[in-house]
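For reference, target.pdb is printed below; it contains PDB, C-alpha atoms, pLDDT in the B column.
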ATOM      1  CA  MET A 102       9.050  10.353 -11.701  1.00 84.00           C
ATOM      2  CA  HIS A 103      11.948  10.071  -9.236  1.00 90.00           C
ATOM      3  CA  PRO A 104      15.072   8.423 -10.769  1.00 88.00           C
ATOM      4  CA  ASP A 105      14.938   5.553  -8.219  1.00 89.00           C
ATOM      5  CA  ASN A 106      11.307   4.872  -9.158  1.00 94.00           C
ATOM      6  CA  LEU A 107      12.109   5.112 -12.859  1.00 95.00           C
ATOM      7  CA  ALA A 108      14.899   2.532 -12.561  1.00 96.00           C
ATOM      8  CA  ILE A 109      12.892  -0.086 -10.657  1.00 97.00           C
ATOM      9  CA  VAL A 110       9.741   0.422 -12.751  1.00 97.00           C
ATOM     10  CA  GLN A 111      11.787   0.091 -15.965  1.00 97.00           C
ATOM     11  CA  GLU A 112      13.321  -3.124 -14.619  1.00 98.00           C
ATOM     12  CA  VAL A 113       9.917  -4.599 -13.744  1.00 98.00           C
ATOM     13  CA  ASN A 114       8.404  -3.468 -17.056  1.00 98.00           C
ATOM     14  CA  ARG A 115      11.244  -5.145 -18.990  1.00 97.00           C
ATOM     15  CA  SER A 116      10.878  -8.360 -16.979  1.00 97.00           C
ATOM     16  CA  GLY A 117       7.144  -8.575 -17.719  1.00 96.00           C
ATOM     17  CA  SER A 118       6.521  -9.655 -14.131  1.00 97.00           C
ATOM     18  CA  TRP A 119       3.511  -7.425 -13.323  1.00 98.00           C
ATOM     19  CA  PHE A 120       0.397  -9.396 -12.320  1.00 97.00           C
ATOM     20  CA  ALA A 121      -3.038  -8.399 -11.036  1.00 96.00           C
ATOM     21  CA  ALA A 122      -3.876  -8.985  -7.370  1.00 96.00           C
ATOM     22  CA  ARG A 123      -6.347  -7.706  -4.796  1.00 93.00           C
ATOM     23  CA  LYS A 124      -6.371  -7.136  -1.068  1.00 91.00           C
ATOM     24  CA  ILE A 125      -8.427  -9.811   0.717  1.00 93.00           C
ATOM     25  CA  VAL A 126      -8.245  -8.927   4.424  1.00 94.00           C
ATOM     26  CA  PRO A 127      -9.696  -6.024   6.418  1.00 95.00           C
ATOM     27  CA  VAL A 128      -7.621  -3.164   7.808  1.00 96.00           C
ATOM     28  CA  TRP A 129      -8.068  -0.837  10.751  1.00 98.00           C
ATOM     29  CA  ALA A 130      -7.693   2.904  10.196  1.00 98.00           C
ATOM     30  CA  ARG A 131      -7.762   6.121  12.176  1.00 98.00           C
ATOM     31  CA  LEU A 132      -8.108   9.709  11.069  1.00 98.00           C
ATOM     32  CA  VAL A 133      -5.020  11.917  11.471  1.00 98.00           C
ATOM     33  CA  VAL A 134      -5.798  15.165  13.314  1.00 96.00           C
ATOM     34  CA  THR A 135      -2.285  16.629  13.690  1.00 97.00           C
ATOM     35  CA  PRO A 136       0.799  16.088  11.496  1.00 98.00           C
ATOM     36  CA  GLU A 137       2.684  12.959  12.494  1.00 96.00           C
ATOM     37  CA  THR A 138       5.421  10.590  11.391  1.00 97.00           C
ATOM     38  CA  VAL A 139       4.271   7.004  10.891  1.00 96.00           C
ATOM     39  CA  VAL A 140       6.880   4.248  11.029  1.00 93.00           C
ATOM     40  CA  SER A 141       6.137   1.556   8.453  1.00 90.00           C
ATOM     41  CA  ARG A 142       8.124  -1.593   7.676  1.00 87.00           C
ATOM     42  CA  GLU A 143       9.426   0.130   4.565  1.00 87.00           C
ATOM     43  CA  GLY A 144      10.284   3.565   5.988  1.00 89.00           C
ATOM     44  CA  GLU A 145       9.054   6.685   7.791  1.00 93.00           C
ATOM     45  CA  LEU A 146       5.907   8.230   6.319  1.00 93.00           C
ATOM     46  CA  GLN A 147       4.545  11.740   6.828  1.00 95.00           C
ATOM     47  CA  ALA A 148       0.819  11.980   7.591  1.00 97.00           C
ATOM     48  CA  LYS A 149      -1.079  15.256   7.574  1.00 97.00           C
ATOM     49  CA  PRO A 150      -4.481  16.131   9.053  1.00 98.00           C
ATOM     50  CA  GLY A 151      -7.217  14.474   7.010  1.00 98.00           C
ATOM     51  CA  ASP A 152      -5.051  11.477   6.070  1.00 98.00           C
ATOM     52  CA  TRP A 153      -5.708   8.060   7.567  1.00 98.00           C
ATOM     53  CA  VAL A 154      -3.172   5.823   9.298  1.00 97.00           C
ATOM     54  CA  CYS A 155      -3.941   2.219   8.391  1.00 96.00           C
ATOM     55  CA  ARG A 156      -2.970  -0.861  10.419  1.00 96.00           C
ATOM     56  CA  GLY A 157      -2.830  -4.274   8.794  1.00 92.00           C
ATOM     57  CA  VAL A 158      -3.224  -7.784  10.190  1.00 89.00           C
ATOM     58  CA  ALA A 159       0.437  -8.042  11.208  1.00 88.00           C
ATOM     59  CA  GLY A 160       0.427  -4.667  12.984  1.00 90.00           C
ATOM     60  CA  GLU A 161       2.069  -2.894  10.043  1.00 90.00           C
ATOM     61  CA  TYR A 162       1.255   0.768   9.414  1.00 94.00           C
ATOM     62  CA  TRP A 163       0.901   2.922   6.311  1.00 93.00           C
ATOM     63  CA  VAL A 164      -0.781   6.197   5.344  1.00 95.00           C
ATOM     64  CA  GLN A 165      -3.601   6.769   2.842  1.00 94.00           C
ATOM     65  CA  ALA A 166      -5.583   9.780   1.720  1.00 95.00           C
ATOM     66  CA  GLU A 167      -9.216   9.556   2.804  1.00 96.00           C
ATOM     67  CA  SER A 168     -10.413   9.436  -0.819  1.00 94.00           C
ATOM     68  CA  THR A 169      -8.116   6.477  -1.540  1.00 91.00           C
ATOM     69  CA  LEU A 170      -9.118   4.597   1.613  1.00 95.00           C
ATOM     70  CA  ARG A 171     -12.837   5.001   0.936  1.00 95.00           C
ATOM     71  CA  ALA A 172     -12.438   4.099  -2.751  1.00 91.00           C
ATOM     72  CA  LYS A 173     -10.747   0.801  -1.825  1.00 90.00           C
ATOM     73  CA  TYR A 174     -12.398  -0.158   1.480  1.00 94.00           C
ATOM     74  CA  GLY A 175     -15.847  -0.059   3.061  1.00 96.00           C
ATOM     75  CA  GLU A 176     -16.299   0.822   6.730  1.00 97.00           C
ATOM     76  CA  THR A 177     -17.713  -2.176   8.637  1.00 97.00           C
ATOM     77  CA  GLY A 178     -19.032  -0.274  11.661  1.00 97.00           C
ATOM     78  CA  GLN A 179     -16.593  -2.003  14.033  1.00 97.00           C
ATOM     79  CA  VAL A 180     -14.612   0.463  16.171  1.00 97.00           C
ATOM     80  CA  SER A 181     -11.943  -0.074  18.822  1.00 95.00           C
ATOM     81  CA  ARG A 182      -9.589   2.053  20.913  1.00 95.00           C
ATOM     82  CA  ASP A 183      -5.902   1.388  21.319  1.00 92.00           C
ATOM     83  CA  GLY A 184      -3.778   1.797  24.458  1.00 91.00           C
ATOM     84  CA  GLN A 185      -3.383   5.511  23.719  1.00 92.00           C
ATOM     85  CA  GLY A 186      -7.143   6.022  23.484  1.00 92.00           C
ATOM     86  CA  LEU A 187      -7.067   6.512  19.710  1.00 93.00           C
ATOM     87  CA  GLU A 188     -10.154   5.303  17.849  1.00 96.00           C
ATOM     88  CA  TRP A 189      -9.640   2.814  14.997  1.00 98.00           C
ATOM     89  CA  ALA A 190     -12.384   1.818  12.532  1.00 98.00           C
ATOM     90  CA  GLU A 191     -12.415  -1.473  10.621  1.00 98.00           C
ATOM     91  CA  PHE A 192     -12.543  -1.343   6.806  1.00 97.00           C
ATOM     92  CA  SER A 193     -13.041  -4.323   4.472  1.00 96.00           C
ATOM     93  CA  PRO A 194     -11.656  -4.379   0.919  1.00 94.00           C
ATOM     94  CA  LEU A 195     -14.195  -3.571  -1.787  1.00 92.00           C
ATOM     95  CA  PRO A 196     -13.865  -6.394  -4.346  1.00 82.00           C
ATOM     96  CA  GLU A 197     -14.466  -4.103  -7.301  1.00 79.00           C
ATOM     97  CA  SER A 198     -11.821  -1.531  -6.374  1.00 78.00           C
ATOM     98  CA  SER A 199      -9.105  -3.154  -4.287  1.00 70.00           C
ATOM     99  CA  GLY A 200      -7.035  -4.336  -7.248  1.00 90.00           C
ATOM    100  CA  VAL A 201      -3.359  -3.631  -7.832  1.00 94.00           C
ATOM    101  CA  MET A 202      -0.628  -4.614 -10.223  1.00 97.00           C
ATOM    102  CA  ALA A 203       2.244  -6.268  -8.366  1.00 98.00           C
ATOM    103  CA  ALA A 204       5.709  -7.541  -9.181  1.00 98.00           C
ATOM    104  CA  GLN A 205       8.107  -9.377  -6.911  1.00 99.00           C
ATOM    105  CA  VAL A 206      11.612  -7.871  -6.898  1.00 99.00           C
ATOM    106  CA  GLY A 207      14.599 -10.120  -6.204  1.00 98.00           C
ATOM    107  CA  HIS A 208      16.932  -7.492  -4.737  1.00 98.00           C
ATOM    108  CA  GLU A 209      16.927  -4.455  -2.459  1.00 98.00           C
ATOM    109  CA  PHE A 210      15.264  -1.376  -3.959  1.00 97.00           C
ATOM    110  CA  VAL A 211      14.054   2.087  -2.992  1.00 96.00           C
ATOM    111  CA  VAL A 212      10.843   3.880  -3.961  1.00 96.00           C
ATOM    112  CA  HIS A 213      10.032   7.546  -3.353  1.00 94.00           C
ATOM    113  CA  SER A 214       6.324   7.933  -2.578  1.00 87.00           C
ATOM    114  CA  GLY A 215       4.208  10.914  -1.653  1.00 82.00           C
ATOM    115  CA  TRP A 216       4.444   9.760   1.980  1.00 80.00           C
ATOM    116  CA  GLY A 217       8.212   9.181   2.162  1.00 87.00           C
ATOM    117  CA  VAL A 218      11.068   6.930   1.048  1.00 92.00           C
ATOM    118  CA  LEU A 219      10.229   3.204   1.079  1.00 93.00           C
ATOM    119  CA  SER A 220      12.862   0.458   1.115  1.00 95.00           C
ATOM    120  CA  GLY A 221      12.201  -2.966  -0.371  1.00 97.00           C
ATOM    121  CA  LYS A 222      14.086  -6.108   0.615  1.00 97.00           C
ATOM    122  CA  PRO A 223      14.846  -9.020  -1.735  1.00 98.00           C
ATOM    123  CA  GLY A 224      11.512 -10.752  -2.390  1.00 98.00           C
ATOM    124  CA  ASP A 225       9.327  -7.743  -1.532  1.00 98.00           C
ATOM    125  CA  TYR A 226       6.716  -6.504  -3.998  1.00 98.00           C
ATOM    126  CA  LEU A 227       6.453  -3.315  -6.023  1.00 98.00           C
ATOM    127  CA  LEU A 228       2.809  -2.261  -6.489  1.00 97.00           C
ATOM    128  CA  LYS A 229       0.864   0.191  -8.612  1.00 96.00           C
ATOM    129  CA  LYS A 230      -2.860   0.847  -9.037  1.00 91.00           C
ATOM    130  CA  LEU A 231      -4.773  -1.644 -11.185  1.00 92.00           C
ATOM    131  CA  SER A 232      -6.280   1.331 -13.018  1.00 91.00           C
ATOM    132  CA  GLU A 233      -2.720   2.196 -14.141  1.00 93.00           C
ATOM    133  CA  ARG A 234      -1.947  -1.291 -15.446  1.00 93.00           C
ATOM    134  CA  ASP A 235      -1.315   0.029 -18.977  1.00 94.00           C
ATOM    135  CA  ILE A 236       0.624   3.095 -17.857  1.00 95.00           C
ATOM    136  CA  GLU A 237       4.316   2.388 -18.332  1.00 95.00           C
ATOM    137  CA  PHE A 238       5.472   4.875 -15.689  1.00 95.00           C
ATOM    138  CA  PRO A 239       2.675   5.395 -13.117  1.00 95.00           C
ATOM    139  CA  ALA A 240       2.655   8.393 -10.804  1.00 88.00           C
ATOM    140  CA  ASP A 241       2.225   6.230  -7.689  1.00 90.00           C
ATOM    141  CA  VAL A 242       4.176   3.086  -6.792  1.00 95.00           C
ATOM    142  CA  TRP A 243       4.796   1.570  -3.365  1.00 94.00           C
ATOM    143  CA  VAL A 244       6.433  -1.368  -1.581  1.00 96.00           C
ATOM    144  CA  VAL A 245       4.779  -4.253   0.273  1.00 94.00           C
ATOM    145  CA  ASP A 246       6.753  -6.706   2.394  1.00 95.00           C
ATOM    146  CA  GLN A 247       6.879 -10.225   0.908  1.00 96.00           C
ATOM    147  CA  ALA A 248       5.250 -12.034   3.853  1.00 94.00           C
ATOM    148  CA  LEU A 249       2.540  -9.368   4.158  1.00 93.00           C
ATOM    149  CA  PHE A 250       1.771  -9.462   0.453  1.00 96.00           C
ATOM    150  CA  GLN A 251       1.477 -13.239   0.447  1.00 96.00           C
ATOM    151  CA  SER A 252      -0.888 -13.230   3.440  1.00 94.00           C
ATOM    152  CA  THR A 253      -3.067 -10.240   2.510  1.00 93.00           C
ATOM    153  CA  TYR A 254      -3.321 -10.238  -1.305  1.00 94.00           C
ATOM    154  CA  GLN A 255      -4.654 -12.787  -3.790  1.00 94.00           C
ATOM    155  CA  ALA A 256      -3.654 -13.064  -7.452  1.00 95.00           C
ATOM    156  CA  MET A 257      -6.432 -12.287  -9.933  1.00 92.00           C
ATOM    157  CA  PRO A 258      -5.709 -14.554 -12.916  1.00 86.00           C
ATOM    158  CA  GLY A 259      -7.081 -13.461 -16.245  1.00 76.00           C
ATOM    159  CA  LEU A 260      -6.775  -9.726 -15.634  1.00 68.00           C
TER
END

Can the structure from this file be put into structure tokens for me?
Amino acid sequence: MHPDNLAIVQEVNRSGSWFAARKIVPVWARLVVTPETVVSREGELQAKPGDWVCRGVAGEYWVQAESTLRAKYGETGQVSRDGQGLEWAEFSPLPESSGVMAAQVGHEFVVHSGWGVLSGKPGDYLLKKLSERDIEFPADVWVVDQALFQSTYQAMPGL
């Protein structure tokens, strides 16, 4: 685990602020055919052929492996093209597999992900997979903007 990730995860673990949540809104995604840099709110991400670029309700972008996208979302059959002629497919969250563990962080922080370096602002959320809820230092953590988290995720009390 990268030292930056270790520090912020240790801080969140000590605070006991992790809680279960799930994504509640659809996303649009397109298949990557050539390597590209994707600019997200939290940093620049590197996408390789076979990855998917996802676009959320506020126009934010992130990258996911196809296996991760299809494990968390179901394709709705809706397709659209953007101004560059790229085809985007709509995906809805699968209730049984769209869960995460989240913690709000009150200061700036940095996370090193497989896609790039992500920067969190005060109030943003650190996330990990729900399936790793009992893993003290998960392999994969990421950042979600505060306003986006609050409009696209829902707490799952009792988990």

Non-local contacts of segment 247-249 of chain A (8 Å; all atoms listed in the file; under 5 positions in same chain excluded) as a ChimeraX atom specification: /A:159,205,224-226

12 Å contact set for Arg182 of chain A, all atoms listed in the file, chain neighbours under 6 positions out, as a list in words: Trp129, Ala130, Arg131, Glu188, Trp189, Ala190 and Glu191 of chain A

Reference answer for the PyMOL selection byres ((chain A and resi 208) around 10), as an MDAnalysis selection string: chainID A and resid 205:207 209:210 221:225

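Coordinates place atom CA of Ile109 of chain A at a distance of 13.3 Å from atom CA of Ala240 of chain A.
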
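Within 9 Å of segment 161-172 of chain A, once all atoms listed in the file are used and residues closer than 4 positions along the same chain are dropped, the contacting residues are Ala130, Leu132, Val139, Val140, Ser141, Arg142, Leu146, Gln147, Ala148, Gly151, Asp152, Trp153, Val154, Cys155, Arg156, Gly157, Glu176, Phe192, Leu195, Ser198, Ser199, Trp216 and Leu249 of chain A.
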
Among the residues A:Gly175, A:Gly184, A:Gly144, A:Pro239, the one that comes closest to Gly217 of chain A [using all atoms listed in the file]: A:Gly144

Atom pair atom CA of Tyr254 of chain A / atom CA of Ala122 of chain A: separation (Å): 6.2 Å

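Nearest to Met202 of chain A of all the residues A:Arg123, A:Lys149, A:Lys173, A:Arg115 is A:Arg123, counting all atoms listed in the file.
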
Residues selected by the PyMOL selection byres ((chain A and resi 118) around 8), written as a PyMOL selection string: chain A and resi 113-114+116-117+119-120+203-205

Residues as selected, C-alpha atoms, written as a compact mmCIF listing (two decimals), in the frame of the given file, can you do that?
# COMPACT_ATOMS: atom_id res chain seq x y z
CA VAL A 113 9.92 -4.60 -13.74
CA ASN A 114 8.40 -3.47 -17.06
CA SER A 116 10.88 -8.36 -16.98
CA GLY A 117 7.14 -8.57 -17.72
CA TRP A 119 3.51 -7.42 -13.32
CA PHE A 120 0.40 -9.40 -12.32
CA ALA A 203 2.24 -6.27 -8.37
CA ALA A 204 5.71 -7.54 -9.18
CA GLN A 205 8.11 -9.38 -6.91
